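Engineer: One file is attached below, target19.pdb, containing PDB, C-alpha atoms, pLDDT in the B column.
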ATOM      1  CA  LYS A   1     -86.276  79.569  -3.158  1.00 64.00           C
ATOM      2  CA  GLU A   2     -84.308  79.125  -6.396  1.00 72.00           C
ATOM      3  CA  GLU A   3     -81.172  80.240  -4.596  1.00 75.00           C
ATOM      4  CA  ALA A   4     -81.773  77.638  -1.894  1.00 75.00           C
ATOM      5  CA  GLU A   5     -82.286  74.931  -4.521  1.00 77.00           C
ATOM      6  CA  ARG A   6     -79.007  75.867  -6.249  1.00 79.00           C
ATOM      7  CA  ARG A   7     -77.150  75.726  -2.950  1.00 81.00           C
ATOM      8  CA  CYS A   8     -78.742  72.389  -2.155  1.00 80.00           C
ATOM      9  CA  GLU A   9     -77.807  70.997  -5.557  1.00 81.00           C
ATOM     10  CA  LYS A  10     -74.240  72.250  -5.157  1.00 81.00           C
ATOM     11  CA  LEU A  11     -74.022  70.710  -1.741  1.00 82.00           C
ATOM     12  CA  MET A  12     -75.255  67.393  -3.067  1.00 85.00           C
ATOM     13  CA  LEU A  13     -72.604  67.474  -5.777  1.00 85.00           C
ATOM     14  CA  GLU A  14     -69.909  68.192  -3.207  1.00 83.00           C
ATOM     15  CA  ILE A  15     -71.165  65.337  -1.055  1.00 84.00           C
ATOM     16  CA  ALA A  16     -71.043  62.984  -4.060  1.00 84.00           C
ATOM     17  CA  GLU A  17     -67.489  64.082  -4.885  1.00 85.00           C
ATOM     18  CA  ASP A  18     -66.462  63.523  -1.276  1.00 84.00           C
ATOM     19  CA  LYS A  19     -67.918  60.009  -1.387  1.00 86.00           C
ATOM     20  CA  LYS A  20     -65.997  59.271  -4.577  1.00 86.00           C
ATOM     21  CA  ARG A  21     -62.741  60.559  -3.082  1.00 85.00           C
ATOM     22  CA  ARG A  22     -63.341  58.613   0.120  1.00 87.00           C
ATOM     23  CA  ALA A  23     -64.073  55.413  -1.830  1.00 87.00           C
ATOM     24  CA  SER A  24     -60.949  55.916  -3.978  1.00 86.00           C
ATOM     25  CA  LEU A  25     -58.835  56.543  -0.881  1.00 88.00           C
ATOM     26  CA  GLN A  26     -60.164  53.413   0.825  1.00 88.00           C
ATOM     27  CA  LYS A  27     -59.397  51.388  -2.287  1.00 88.00           C
ATOM     28  CA  LYS A  28     -55.825  52.702  -2.394  1.00 89.00           C
ATOM     29  CA  LEU A  29     -55.370  52.025   1.314  1.00 88.00           C
ATOM     30  CA  LYS A  30     -56.571  48.459   0.833  1.00 89.00           C
ATOM     31  CA  GLU A  31     -54.246  47.902  -2.143  1.00 88.00           C
ATOM     32  CA  THR A  32     -51.313  49.388  -0.199  1.00 88.00           C
ATOM     33  CA  SER A  33     -52.080  47.158   2.769  1.00 87.00           C
ATOM     34  CA  ILE A  34     -52.135  44.062   0.539  1.00 88.00           C
ATOM     35  CA  GLU A  35     -48.838  45.057  -1.079  1.00 88.00           C
ATOM     36  CA  MET A  36     -47.203  45.672   2.316  1.00 89.00           C
ATOM     37  CA  ARG A  37     -48.341  42.269   3.602  1.00 88.00           C
ATOM     38  CA  ALA A  38     -46.976  40.600   0.465  1.00 88.00           C
ATOM     39  CA  GLU A  39     -43.646  42.438   0.772  1.00 88.00           C
ATOM     40  CA  LYS A  40     -43.409  41.549   4.455  1.00 88.00           C
ATOM     41  CA  LYS A  41     -44.072  37.887   3.693  1.00 88.00           C
ATOM     42  CA  ALA A  42     -41.478  37.864   0.888  1.00 87.00           C
ATOM     43  CA  ALA A  43     -38.917  39.567   3.143  1.00 84.00           C
ATOM     44  CA  HIS A  44     -39.560  36.970   5.843  1.00 85.00           C
ATOM     45  CA  HIS A  45     -39.015  34.105   3.397  1.00 86.00           C
ATOM     46  CA  LYS A  46     -35.869  35.761   2.090  1.00 84.00           C
ATOM     47  CA  ALA A  47     -34.505  36.221   5.607  1.00 79.00           C
ATOM     48  CA  LEU A  48     -35.122  32.538   6.408  1.00 83.00           C
ATOM     49  CA  LYS A  49     -33.354  31.482   3.218  1.00 83.00           C
ATOM     50  CA  MET A  50     -30.384  33.731   3.992  1.00 79.00           C
ATOM     51  CA  MET A  51     -30.109  32.252   7.480  1.00 80.00           C
ATOM     52  CA  LYS A  52     -30.098  28.729   6.055  1.00 82.00           C
ATOM     53  CA  ASP A  53     -27.518  29.673   3.414  1.00 77.00           C
ATOM     54  CA  THR A  54     -25.338  31.326   6.071  1.00 75.00           C
ATOM     55  CA  GLN A  55     -25.422  28.240   8.283  1.00 79.00           C
ATOM     56  CA  LYS A  56     -24.587  26.018   5.315  1.00 80.00           C
ATOM     57  CA  LEU A  57     -21.709  28.306   4.331  1.00 73.00           C
ATOM     58  CA  LYS A  58     -20.320  28.271   7.865  1.00 78.00           C
ATOM     59  CA  MET A  59     -20.373  24.480   7.867  1.00 82.00           C
ATOM     60  CA  GLU A  60     -18.545  24.389   4.539  1.00 77.00           C
ATOM     61  CA  MET A  61     -16.013  26.927   5.794  1.00 74.00           C
ATOM     62  CA  ASN A  62     -15.359  24.830   8.880  1.00 76.00           C
ATOM     63  CA  LYS A  63     -14.726  21.813   6.667  1.00 80.00           C
ATOM     64  CA  ILE A  64     -12.334  23.811   4.478  1.00 75.00           C
ATOM     65  CA  LYS A  65     -10.593  25.198   7.563  1.00 75.00           C
ATOM     66  CA  MET A  66     -10.090  21.740   9.038  1.00 81.00           C
ATOM     67  CA  ALA A  67      -8.836  20.398   5.705  1.00 76.00           C
ATOM     68  CA  ALA A  68      -6.440  23.341   5.295  1.00 72.00           C
ATOM     69  CA  GLU A  69      -5.090  22.942   8.837  1.00 77.00           C
ATOM     70  CA  LYS A  70      -4.592  19.224   8.311  1.00 80.00           C
ATOM     71  CA  GLN A  71      -2.894  19.817   4.963  1.00 75.00           C
ATOM     72  CA  ALA A  72      -0.633  22.502   6.434  1.00 73.00           C
ATOM     73  CA  THR A  73       0.363  20.208   9.312  1.00 79.00           C
ATOM     74  CA  VAL A  74       1.125  17.313   6.993  1.00 79.00           C
ATOM     75  CA  LEU A  75       3.016  19.566   4.611  1.00 73.00           C
ATOM     76  CA  LYS A  76       5.092  21.135   7.388  1.00 77.00           C
ATOM     77  CA  ARG A  77       6.015  17.696   8.645  1.00 80.00           C
ATOM     78  CA  LYS A  78       7.026  16.569   5.160  1.00 78.00           C
ATOM     79  CA  ILE A  79       9.084  19.711   4.574  1.00 74.00           C
ATOM     80  CA  ASP A  80      10.852  19.238   7.904  1.00 78.00           C
ATOM     81  CA  GLN A  81      11.522  15.629   7.008  1.00 79.00           C
ATOM     82  CA  GLN A  82      12.868  16.648   3.611  1.00 74.00           C
ATOM     83  CA  VAL A  83      15.196  19.212   5.154  1.00 72.00           C
ATOM     84  CA  ALA A  84      16.467  16.614   7.603  1.00 76.00           C
ATOM     85  CA  LYS A  85      16.916  14.094   4.795  1.00 76.00           C
ATOM     86  CA  GLU A  86      18.810  16.601   2.691  1.00 74.00           C
ATOM     87  CA  LYS A  87      21.174  17.389   5.569  1.00 72.00           C
ATOM     88  CA  ALA A  88      21.707  13.721   6.229  1.00 76.00           C
ATOM     89  CA  ARG A  89      22.047  12.744   2.575  1.00 75.00           C
ATOM     90  CA  ARG A  90      25.770  13.344   2.389  1.00 70.00           C
ATOM     91  CA  ASP A  91      26.363  11.477   5.617  1.00 72.00           C
ATOM     92  CA  LEU A  92      24.297   8.548   4.375  1.00 72.00           C
ATOM     93  CA  GLU A  93      26.192   8.550   1.121  1.00 73.00           C
ATOM     94  CA  ASN A  94      29.495   8.367   2.978  1.00 69.00           C
ATOM     95  CA  LYS A  95      28.168   5.523   5.105  1.00 66.00           C
ATOM     96  CA  ARG A  96      27.053   3.684   1.982  1.00 67.00           C
ATOM     97  CA  ARG A  97      30.482   4.023   0.474  1.00 68.00           C
ATOM     98  CA  CYS A  98      32.070   2.691   3.675  1.00 62.00           C
ATOM     99  CA  ALA A  99      29.681  -0.271   3.676  1.00 53.00           C
ATOM    100  CA  GLU A 100      30.021  -0.867  -0.052  1.00 57.00           C
ATOM    101  CA  LYS A 101      32.891  -3.310   0.300  1.00 52.00           C
ATOM    102  CA  MET A 102      30.882  -5.368   2.747  1.00 47.00           C
ATOM    103  CA  ARG A 103      27.883  -5.455   0.416  1.00 50.00           C
ATOM    104  CA  LEU A 104      30.017  -6.305  -2.582  1.00 52.00           C
ATOM    105  CA  ALA A 105      31.587  -9.191  -0.659  1.00 48.00           C
ATOM    106  CA  SER A 106      28.145 -10.708  -0.160  1.00 46.00           C
ATOM    107  CA  ALA A 107      27.056 -10.202  -3.793  1.00 48.00           C
ATOM    108  CA  MET A 108      25.875 -13.114  -5.921  1.00 46.00           C
ATOM    109  CA  ALA A 109      28.431 -15.492  -7.364  1.00 43.00           C
ATOM    110  CA  ASP A 110      27.402 -14.482 -10.860  1.00 45.00           C
ATOM    111  CA  ASN A 111      28.925 -11.077 -10.174  1.00 47.00           C
ATOM    112  CA  GLY A 112      32.398 -12.497  -9.982  1.00 52.00           C
ATOM    113  CA  ASP A 113      33.318 -11.408 -13.482  1.00 68.00           C
ATOM    114  CA  VAL A 114      32.498  -7.737 -12.754  1.00 76.00           C
ATOM    115  CA  LYS A 115      35.618  -5.842 -11.812  1.00 82.00           C
ATOM    116  CA  GLU A 116      35.781  -3.826  -8.595  1.00 82.00           C
ATOM    117  CA  GLY A 117      36.130  -0.540 -10.447  1.00 84.00           C
ATOM    118  CA  ARG A 118      33.067  -1.332 -12.538  1.00 83.00           C
ATOM    119  CA  LYS A 119      31.111  -2.323  -9.425  1.00 86.00           C
ATOM    120  CA  SER A 120      31.890   1.015  -7.810  1.00 87.00           C
ATOM    121  CA  GLU A 121      30.852   2.834 -10.988  1.00 87.00           C
ATOM    122  CA  LEU A 122      27.557   0.930 -11.209  1.00 88.00           C
ATOM    123  CA  ALA A 123      26.792   1.425  -7.500  1.00 88.00           C
ATOM    124  CA  SER A 124      27.323   5.177  -7.846  1.00 87.00           C
ATOM    125  CA  TRP A 125      25.065   5.245 -10.923  1.00 87.00           C
ATOM    126  CA  VAL A 126      22.240   3.359  -9.161  1.00 87.00           C
ATOM    127  CA  ASP A 127      22.486   5.618  -6.080  1.00 86.00           C
ATOM    128  CA  GLY A 128      22.175   8.706  -8.234  1.00 84.00           C
ATOM    129  CA  GLU A 129      19.189   7.385 -10.193  1.00 84.00           C
ATOM    130  CA  LEU A 130      17.319   6.355  -7.027  1.00 83.00           C
ATOM    131  CA  GLU A 131      18.088   9.641  -5.293  1.00 83.00           C
ATOM    132  CA  PHE A 132      16.794  11.623  -8.272  1.00 83.00           C
ATOM    133  CA  CYS A 133      13.542   9.609  -8.337  1.00 83.00           C
ATOM    134  CA  VAL A 134      12.975  10.307  -4.624  1.00 82.00           C
ATOM    135  CA  ILE A 135      13.493  14.065  -5.015  1.00 82.00           C
ATOM    136  CA  GLU A 136      11.260  14.205  -8.109  1.00 83.00           C
ATOM    137  CA  SER A 137       8.520  12.367  -6.222  1.00 84.00           C
ATOM    138  CA  GLN A 138       8.754  14.849  -3.337  1.00 84.00           C
ATOM    139  CA  ILE A 139       8.570  17.792  -5.751  1.00 85.00           C
ATOM    140  CA  GLU A 140       5.446  16.413  -7.450  1.00 87.00           C
ATOM    141  CA  GLU A 141       3.761  15.712  -4.122  1.00 87.00           C
ATOM    142  CA  THR A 142       4.492  19.237  -2.896  1.00 85.00           C
ATOM    143  CA  LYS A 143       3.142  20.719  -6.147  1.00 87.00           C
ATOM    144  CA  ARG A 144      -0.093  18.747  -5.754  1.00 87.00           C
ATOM    145  CA  SER A 145      -0.460  20.150  -2.244  1.00 85.00           C
ATOM    146  CA  LEU A 146       0.139  23.659  -3.652  1.00 85.00           C
ATOM    147  CA  GLU A 147      -2.553  23.183  -6.315  1.00 87.00           C
ATOM    148  CA  LEU A 148      -5.002  22.059  -3.631  1.00 86.00           C
ATOM    149  CA  ALA A 149      -4.231  25.133  -1.501  1.00 83.00           C
ATOM    150  CA  LEU A 150      -4.687  27.439  -4.534  1.00 86.00           C
ATOM    151  CA  THR A 151      -8.067  25.832  -5.268  1.00 85.00           C
ATOM    152  CA  GLN A 152      -9.177  26.316  -1.660  1.00 81.00           C
ATOM    153  CA  ARG A 153      -8.127  29.982  -1.777  1.00 81.00           C
ATOM    154  CA  LYS A 154     -10.134  30.503  -4.982  1.00 83.00           C
ATOM    155  CA  ASP A 155     -13.223  28.890  -3.444  1.00 80.00           C
ATOM    156  CA  LEU A 156     -12.948  31.047  -0.319  1.00 76.00           C
ATOM    157  CA  ARG A 157     -12.672  34.227  -2.372  1.00 77.00           C
ATOM    158  CA  ASN A 158     -15.742  33.319  -4.429  1.00 76.00           C
ATOM    159  CA  ASN A 159     -17.956  32.225  -1.518  1.00 69.00           C
ATOM    160  CA  ASN A 160     -17.973  35.117   0.934  1.00 62.00           C
ATOM    161  CA  THR A 161     -16.189  38.166   2.356  1.00 58.00           C
ATOM    162  CA  ASP A 162     -16.876  37.655   6.079  1.00 60.00           C
ATOM    163  CA  THR A 163     -14.185  38.316   8.671  1.00 56.00           C
ATOM    164  CA  ASP A 164     -13.918  34.580   9.347  1.00 60.00           C
ATOM    165  CA  VAL A 165     -13.357  33.941   5.656  1.00 61.00           C
ATOM    166  CA  ASN A 166     -10.680  36.631   5.553  1.00 70.00           C
ATOM    167  CA  GLU A 167      -8.910  34.933   8.440  1.00 73.00           C
ATOM    168  CA  GLU A 168      -9.060  31.652   6.529  1.00 74.00           C
ATOM    169  CA  LEU A 169      -7.582  33.370   3.490  1.00 77.00           C
ATOM    170  CA  VAL A 170      -4.676  34.689   5.572  1.00 80.00           C
ATOM    171  CA  GLU A 171      -3.933  31.167   6.808  1.00 80.00           C
ATOM    172  CA  ILE A 172      -4.152  29.663   3.328  1.00 81.00           C
ATOM    173  CA  GLU A 173      -1.940  32.445   1.918  1.00 84.00           C
ATOM    174  CA  ALA A 174       0.705  31.511   4.496  1.00 84.00           C
ATOM    175  CA  THR A 175       0.384  27.850   3.506  1.00 84.00           C
ATOM    176  CA  ILE A 176       0.726  28.735  -0.186  1.00 84.00           C
ATOM    177  CA  ARG A 177       3.878  30.759   0.481  1.00 85.00           C
ATOM    178  CA  SER A 178       5.389  27.868   2.441  1.00 85.00           C
ATOM    179  CA  LEU A 179       4.530  25.419  -0.351  1.00 84.00           C
ATOM    180  CA  LYS A 180       6.029  27.662  -3.036  1.00 86.00           C
ATOM    181  CA  GLN A 181       9.224  28.022  -1.001  1.00 86.00           C
ATOM    182  CA  ALA A 182       9.358  24.254  -0.510  1.00 84.00           C
ATOM    183  CA  VAL A 183       8.983  23.635  -4.256  1.00 84.00           C
ATOM    184  CA  GLN A 184      11.687  26.193  -5.050  1.00 86.00           C
ATOM    185  CA  GLN A 185      14.064  24.664  -2.493  1.00 83.00           C
ATOM    186  CA  LEU A 186      13.475  21.126  -3.756  1.00 81.00           C
ATOM    187  CA  GLU A 187      13.881  22.142  -7.399  1.00 82.00           C
ATOM    188  CA  SER A 188      17.030  24.109  -6.555  1.00 82.00           C
ATOM    189  CA  THR A 189      18.445  21.090  -4.716  1.00 79.00           C
ATOM    190  CA  ALA A 190      17.586  18.787  -7.626  1.00 77.00           C
ATOM    191  CA  LYS A 191      19.107  21.192 -10.152  1.00 79.00           C
ATOM    192  CA  LYS A 192      22.355  21.474  -8.219  1.00 78.00           C
ATOM    193  CA  ALA A 193      22.618  17.747  -7.521  1.00 74.00           C
ATOM    194  CA  PHE A 194      21.452  16.651 -10.990  1.00 74.00           C
ATOM    195  CA  PRO A 195      22.212  19.368 -13.578  1.00 70.00           C
ATOM    196  CA  THR A 196      21.729  16.906 -16.450  1.00 68.00           C
ATOM    197  CA  ALA A 197      18.097  16.250 -15.465  1.00 64.00           C
ATOM    198  CA  GLU A 198      16.707  19.474 -16.989  1.00 60.00           C
ATOM    199  CA  GLY A 199      16.035  17.833 -20.344  1.00 53.00           C
ATOM    200  CA  LEU A 200      13.993  15.041 -18.763  1.00 51.00           C
ATOM    201  CA  LYS A 201      11.195  17.252 -17.374  1.00 52.00           C
ATOM    202  CA  SER A 202       9.460  17.627 -20.746  1.00 47.00           C
ATOM    203  CA  SER A 203       9.465  13.892 -21.360  1.00 49.00           C
ATOM    204  CA  SER A 204       6.297  11.980 -20.463  1.00 46.00           C
ATOM    205  CA  SER A 205       8.063   8.597 -20.361  1.00 52.00           C
ATOM    206  CA  PHE A 206      10.624   7.381 -17.859  1.00 55.00           C
ATOM    207  CA  SER A 207      14.272   7.964 -18.722  1.00 66.00           C
ATOM    208  CA  PHE A 208      17.547   7.443 -16.863  1.00 74.00           C
ATOM    209  CA  LEU A 209      19.714  10.393 -16.011  1.00 74.00           C
ATOM    210  CA  ASP A 210      22.758   8.609 -17.370  1.00 73.00           C
ATOM    211  CA  THR A 211      21.491   6.684 -20.390  1.00 76.00           C
ATOM    212  CA  ASP A 212      25.014   5.896 -21.554  1.00 77.00           C
ATOM    213  CA  THR A 213      25.664   3.776 -18.473  1.00 79.00           C
ATOM    214  CA  PHE A 214      22.316   2.028 -18.927  1.00 79.00           C
ATOM    215  CA  ARG A 215      23.040   1.210 -22.578  1.00 80.00           C
ATOM    216  CA  SER A 216      26.498  -0.079 -21.731  1.00 79.00           C
ATOM    217  CA  LEU A 217      25.212  -2.652 -19.199  1.00 80.00           C
ATOM    218  CA  SER A 218      26.257  -6.192 -19.909  1.00 80.00           C
ATOM    219  CA  LYS A 219      24.430  -9.228 -18.533  1.00 82.00           C
ATOM    220  CA  SER A 220      26.909  -9.422 -15.655  1.00 83.00           C
ATOM    221  CA  ASP A 221      26.484  -5.686 -15.020  1.00 83.00           C
ATOM    222  CA  ALA A 222      22.689  -6.066 -14.961  1.00 84.00           C
ATOM    223  CA  LYS A 223      22.920  -8.951 -12.486  1.00 86.00           C
ATOM    224  CA  TYR A 224      25.165  -6.926 -10.239  1.00 86.00           C
ATOM    225  CA  VAL A 225      22.853  -3.875 -10.453  1.00 85.00           C
ATOM    226  CA  LEU A 226      19.869  -5.981  -9.407  1.00 86.00           C
ATOM    227  CA  SER A 227      21.868  -7.472  -6.542  1.00 86.00           C
ATOM    228  CA  TYR A 228      23.027  -4.032  -5.434  1.00 85.00           C
ATOM    229  CA  ILE A 229      19.484  -2.606  -5.519  1.00 84.00           C
ATOM    230  CA  PHE A 230      18.225  -5.565  -3.482  1.00 82.00           C
ATOM    231  CA  ASP A 231      20.989  -5.151  -0.875  1.00 82.00           C
ATOM    232  CA  THR A 232      20.423  -1.385  -0.707  1.00 78.00           C
ATOM    233  CA  CYS A 233      16.648  -1.700  -0.206  1.00 74.00           C
ATOM    234  CA  SER A 234      16.978  -4.498   2.346  1.00 71.00           C
ATOM    235  CA  SER A 235      19.498  -2.540   4.384  1.00 64.00           C
TER     236      SER A 235
END
Translate this structure into structure tokens?
Structural biologist:
Amino acid sequence: KEEAERRCEKLMLEIAEDKKRRASLQKKLKETSIEMRAEKKAAHHKALKMMKDTQKLKMEMNKIKMAAEKQATVLKRKIDQQVAKEKARRDLENKRRCAEKMRLASAMADNGDVKEGRKSELASWVDGELEFCVIESQIEETKRSLELALTQRKDLRNNNTDTDVNEELVEIEATIRSLKQAVQQLESTAKKAFPTAEGLKSSSSFSFLDTDTFRSLSKSDAKYVLSYIFDTCSS
């Protein structure tokens, strides 16, 4: 009988331990289930956010692509125009010289005391100053386009590494190379045509290339210069 009681007591203890283990296991299963549901919900929210961010990024990339294509088209047209202008510059200069006598004949009466040699000298000086201003303006405009392209490339590199973005980077790299070549060509042309202009680049204020001619202008010279500029612009 005592043996049976001991076995019964042992069995009851084992049953109690089993209940404790079962209760602990159920508690862990419940906690795990709650954690899994929370993780699933968080992952769902994260996926939705990523989809929204991806759509927004694609829209921004399309805008950048359209802007880059437009800029490249405009820049190519300007470069082509500049090349054509540079080729035609000498011809235009020769035509101006041929038409100079006709323009001088129609100059204001106040110019009568300016000698023909001085008129030719002043006309050549004005042509050079105007030509330099035009080339400098084209160089600055091309540099601004280059800075814009460099900024767009930096933004693309920071935003994403998708295949579409890589294709955009290739296109912008090509645009940047074209812009750099255009700047180098324009600066080389300006340096060859106006070697004395190097010292003017560091100056923030306007200055003539040939300041000696400007300082030597008399009242009659100034009147003739104004008349010549007017005739040149109107023609």
Engineer: Nearest residue to A:Leu57 out of A:Glu131, A:Glu173, A:Glu69, A:Asp155, using all atoms listed in the file?
Structural biologist: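 Using all atoms listed in the file, A:Leu57 sits closest to A:Asp155.
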Engineer: So which residues get picked by the PyMOL selection byres ((chain A and resi 76) around 12) here, written as a list in words?
Structural biologist: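 So the PyMOL selection byres ((chain A and resi 76) around 12) ends up selecting Ala68, Glu69, Lys70, Gln71, Ala72, Thr73, Val74, Leu75, Arg77, Lys78, Ile79, Asp80, Gln81, Gln82, Val83, Thr142, Ser145, Ala174, Thr175, Ile176, Arg177, Ser178, Leu179, Gln181 and Ala182 of chain A.
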Engineer: Would you export the selected residues with C-alpha atoms as a compact mmCIF listing (two decimals), in the coordinates of the input, please?
Structural biologist:
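Result saved to selection-v7.txt:
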# COMPACT_ATOMS: atom_id res chain seq x y z
CA ALA A 68 -6.44 23.34 5.30
CA GLU A 69 -5.09 22.94 8.84
CA LYS A 70 -4.59 19.22 8.31
CA GLN A 71 -2.89 19.82 4.96
CA ALA A 72 -0.63 22.50 6.43
CA THR A 73 0.36 20.21 9.31
CA VAL A 74 1.12 17.31 6.99
CA LEU A 75 3.02 19.57 4.61
CA ARG A 77 6.02 17.70 8.64
CA LYS A 78 7.03 16.57 5.16
CA ILE A 79 9.08 19.71 4.57
CA ASP A 80 10.85 19.24 7.90
CA GLN A 81 11.52 15.63 7.01
CA GLN A 82 12.87 16.65 3.61
CA VAL A 83 15.20 19.21 5.15
CA THR A 142 4.49 19.24 -2.90
CA SER A 145 -0.46 20.15 -2.24
CA ALA A 174 0.70 31.51 4.50
CA THR A 175 0.38 27.85 3.51
CA ILE A 176 0.73 28.74 -0.19
CA ARG A 177 3.88 30.76 0.48
CA SER A 178 5.39 27.87 2.44
CA LEU A 179 4.53 25.42 -0.35
CA GLN A 181 9.22 28.02 -1.00
CA ALA A 182 9.36 24.25 -0.51
Engineer: So which residues touch A:Phe208 within 10 Å, counting all atoms listed in the file, skipping near sequence neighbours fewer than 6 positions away, as a ChimeraX atom specification?
Structural biologist: /A:125-126,128-130,132-133,197,200,214
Engineer: Rank nothing, just name the residue among A:Lys119, A:Lys56, A:Lys191, A:Arg144 nearest to A:Ser227, using only C-alpha atoms.
Structural biologist: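 Of A:Lys119, A:Lys56, A:Lys191, A:Arg144, the one nearest A:Ser227 is A:Lys119, counting only C-alpha atoms.
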Engineer: Mind pulling up the distance from atom CA of A:Thr54 to atom CA of A:Thr151?
Structural biologist: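 One can read the atom CA of A:Thr151 to atom CA of A:Thr54 distance as 21.4 Å.
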Engineer: Calculate how many Å separate atom CA of A:Leu148 from atom CA of A:Ile64, rounding to one decimal.
Structural biologist: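 Pair atom CA of A:Leu148 / atom CA of A:Ile64 returns 11.1 Å.
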Engineer: Report the distance between atom CA of A:Lys65 and atom CA of A:Glu167 in Å, rounded to one decimal place.
Structural biologist: 9.9 Å
Engineer: Counting all atoms listed in the file, which residue out of A:Met50, A:Ala149, A:Ala4, A:Ala16 sits closest to A:Ala67?
Structural biologist: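 Distance minimum relative to A:Ala67 lands on A:Ala149.
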Engineer: Draw an axis-aligned box over all listed atoms of stretch 116-128 of chain A, pad each side with 3 Å, and write its centre and edge lengths in Å, one decimal, as lines of an AutoDock Vina configuration file.
Structural biologist:
center_x = 29.2
center_y = 2.4
center_z = -9.3
size_x = 20.0
size_y = 18.5
size_z = 12.5
Engineer: When distances are computed from only C-alpha atoms, which of A:Glu136, A:Leu169, A:Glu5, A:Thr232 shows the smallest separation from A:Ser188?
Structural biologist: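 Comparing A:Glu136, A:Leu169, A:Glu5, A:Thr232 against A:Ser188, the winner is A:Glu136.
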Engineer: When you count all atoms listed in the file, which of these residues is closest to A:Phe194: A:Ile135, A:His45, A:Ser218, A:Lys143?
Structural biologist: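 Comparing A:Ile135, A:His45, A:Ser218, A:Lys143 against A:Phe194, the winner is A:Ile135.
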